[in-house]
Protein chains: 2
Amino acid sequence: MTATQTRRDELLQIAAELFATKGFKNTTVRDIADAAGILSGSLYHHFDSKESMIDEILSSFQEELFGAYAGILAGSDDPRAKLEAAVRVSFEAIDHHRNEVAIFQNEADYLGTFDRFSYLEERNQQSRDVWLTLLREGVSSGALRKDLDVELVYRFIRDTVWVAVRWYRPGGKLSHHDVADQYLTILLDGITA
Amino acid sequence: MTATQTRRDELLQIAAELFATKGFKNTTVRDIADAAGILSGSLYHHFDSKESMIDEILSSFQEELFGAYAGILAGSDDPRAKLEAAVRVSFEAIDHHRNEVAIFQNEADYLGTFDRFSYLEERNQQSRDVWLTLLREGVSSGALRKDLDVELVYRFIRDTVWVAVRWYRPGGKLSHHDVADQYLTILLDGITA
DNA sequence: TCGATACCCAAGCAAGTGCTTGGTAGGCTA
DNA sequence: TAGCCTACCAAGCACTTGCTTGGGTATCGA
């Protein structure tokens with residue numbers, strides 16, 4: 001039982017690595033099987049389809065991430081601290097779940113066109129709600145400038161944070177804490193002297 | 001002759017639209033031919049291969065873009081104005097060449113692994129040089145904060161600017177001038193009150 | 001009028017795609 | 001020890017992929 005779970009998870013990790021690096025469509029079931037040291041047909045003992053693999057990878061990651069966001073929103077921090085916390089949680093996700101973040105960034109648009117992955121679009125809306133709430137609270141509390149186009153700032157933050165998955169590498173000279181610090185400095189105070 | 005060029009360009013535009021939307025690997029030559037109203041085999045009257053199509057799309061775009069960067073670097077504006085100009089030129093490229101920018105963003109990593117597309121990596125280095133030069137000039141002139149990690153700021157700017165191609169739509173309520181203005185405000189002065 | 005050229009179709013090939021089938025080997029449990 | 005479980009293999013099927021081959025037709029300058 002535990003062995004089953006272990007092997008499944010192992011295969012999912014291998015698949016996630018390949019999906020993140022080469023893209024979903026560009027990764028064949030033979031690629032995954034080769035990396036796992038088995039034949040392609042054997043994958044179908046564990047999974048229904050290649051689609052169900054990426055489904056499982058994405059949905060379980062999303063669940064964890066949005067749990068973290070919900071915790072921040074429900075907390076009692078002041079608006080600015082909440083915004084900072086949301087940014088830090090996101091960079092932490094990039095650190096802990098590189099492949100999952102990369103897959104979501106690269107494939108969400110394409111996968112979203114299928115019924116099976118309609119939850120991706122829902123999650124997108126949910127994420128938008130989280131950030132807009134944080135930003136509006138920030139503005140109305142006086143922590144953020146009144147003249148902000150919160151919709152635009154939301155997109156700015158969302159894209160800037162998640163796109164870091166393209167270059168951030170765990171174990172590099174900058175930890176995800178460092179990156180979050182630097183990012184928040186730029187976002188909150190700008191780069192001018 | 002002009003007719004040849006026209007038809008070729010037409011087909012390249014159609015291909016670029018599909019590559020940008022569905023991805024290179026995920027777009028078949030039959031997709032392209034269908035969208036053009038011809039059969040897939042007929043494409044090979046105009047092009048050697050599917051690869052050569054994306055090659056032509058990317059290389060001609062890059063040439064134009066880096067010409068613009070070179071002009072800014074060679075100009076006599078002060079450092080801050082140069083930085084702003086580079087940002088504006090980039091958003092203009094997103095407006096004028098949506099598909100090309102999207103393709104480069106999505107496929108550069110994958111394509112870069114092939115010899116034929118090694119120029120993509122060179123362009124990446126070239127772009128890095130441009131932005132780092134602008135940022136260092138900004139710091140040493142006193143326009144930008146001395147404590148900036150210019151390498152990190154470079155990545156932030158690069159990603160922030162180009163990732164806008166994911167949501168920006170020409171003809172929307174915000175022009176590319178508007179978006180550039182807003183981005184520069186955030187980048188230079190931050191979002192705090 | 002005639003050839004050159006641009007443009008396209010119909011048919012199909014070789015390689016690769018996701019997935020299925022029938023089977024084996026070893027371990028756990030009643 | 002019978003019955004069932006997990007985990008895998010070997011072979012192959014139906015289909016899609018990029019690309020090729022051998023034509024055809026419309027246009028236009030000489």
# chains A, B, ... in the order shown; residues from 1 in each chain; ligands from 1
call {"tool": "closest_atom_pairs", "arguments": {"of": "chain D", "to": "chain B", "cutoff": "8 Å", "atoms": "only C-alpha atoms (C1' of nucleotides)", "output": "tab-separated table"}}
result
residue	atom	partner	partner_atom	distance
D:DT17	C1'	B:Thr28	CA	7.6
D:DG18	C1'	B:Val29	CA	7.3
D:DC19	C1'	B:Gly41	CA	7.8
call {"tool": "interface_residues", "arguments": {"of": "chain C", "to": "chain B", "cutoff": "10 Å", "atoms": "only C-alpha atoms (C1' of nucleotides)", "output": "ChimeraX atom specification"}}
result
/C:5-10
call {"tool": "interface_residues", "arguments": {"of": "chain A", "to": "chain B", "cutoff": "9 Å", "atoms": "only C-alpha atoms", "output": "number ranges by chain"}}
result
A: 21-23, 25-26, 106, 109-110, 138-139, 142-146, 148-149, 152-153, 155-157, 159-161, 163-164, 167, 179, 182-183, 185-193
call {"tool": "residues_around", "arguments": {"residues": "Ile57 in chain B", "least_positions_apart": "6", "cutoff": "9 Å", "atoms": "only C-alpha atoms (C1' of nucleotides)", "output": "JSON, numbers by chain"}}
result
{"B": [12, 13, 15, 16, 100]}
call {"tool": "write_last_selection", "arguments": {"atoms": "C-alpha atoms", "output": "compact mmCIF listing (two decimals), in the first residue's frame"}}
result
# COMPACT_ATOMS: atom_id res chain seq x y z
CA LEU B 12 4.22 33.14 -42.00
CA GLN B 13 1.68 35.32 -40.21
CA ALA B 15 1.88 30.13 -38.75
CA ALA B 16 3.02 32.69 -36.18
CA GLU B 100 6.64 36.83 -32.29
call {"tool": "select_by_dssp", "arguments": {"residues": "range 25-165 of chain B", "states": "helix (DSSP H, G or I)", "output": "JSON, numbers by chain"}}
result
{"B": [29, 30, 31, 32, 33, 34, 35, 36, 40, 41, 42, 43, 44, 45, 46, 50, 51, 52, 53, 54, 55, 56, 57, 58, 59, 60, 61, 62, 63, 64, 65, 66, 67, 68, 69, 70, 71, 72, 73, 74, 79, 80, 81, 82, 83, 84, 85, 86, 87, 88, 89, 90, 91, 92, 93, 94, 95, 96, 98, 99, 100, 101, 102, 103, 104, 105, 106, 107, 108, 109, 110, 111, 115, 116, 117, 118, 119, 120, 121, 122, 123, 124, 125, 126, 127, 128, 129, 130, 131, 132, 133, 134, 135, 136, 137, 138, 139, 140, 150, 151, 152, 153, 154, 155, 156, 157, 158, 159, 160, 161, 162, 163, 164, 165]}
call {"tool": "residues_around", "arguments": {"residues": "Gly71 in chain A", "least_positions_apart": "6", "cutoff": "12 Å", "atoms": "only C-alpha atoms (C1' of nucleotides)", "output": "ChimeraX atom specification"}}
result
/A:64-65,77,82,85-86,89,130
call {"tool": "residues_around", "arguments": {"residues": "range 115-123 of chain A", "least_positions_apart": "4", "cutoff": "9 Å", "atoms": "only C-alpha atoms (C1' of nucleotides)", "output": "PDB file with C-alpha atoms, in the first residue's frame"}}
result
ATOM      1  CA  ASP A  55      -3.980  16.426 -13.909  1.00  0.00           C
ATOM      2  CA  LEU A  58      -1.449  20.199 -11.077  1.00  0.00           C
ATOM      3  CA  SER A  59      -4.524  19.703  -8.942  1.00  0.00           C
ATOM      4  CA  GLN A  62      -3.045  23.960  -6.542  1.00  0.00           C
ATOM      5  CA  PHE A  66      -4.568  27.961  -2.278  1.00  0.00           C
ATOM      6  CA  PHE A 104       1.152  25.561 -14.641  1.00  0.00           C
ATOM      7  CA  ALA A 108      -2.448  26.271 -18.207  1.00  0.00           C
ATOM      8  CA  ASP A 109      -3.608  28.222 -21.248  1.00  0.00           C
ATOM      9  CA  LEU A 111      -4.988  22.717 -21.007  1.00  0.00           C
ATOM     10  CA  SER A 127      -6.032  33.805  -7.462  1.00  0.00           C
ATOM     11  CA  ARG A 128      -7.197  37.064  -8.996  1.00  0.00           C
TER      12      ARG A 128
END
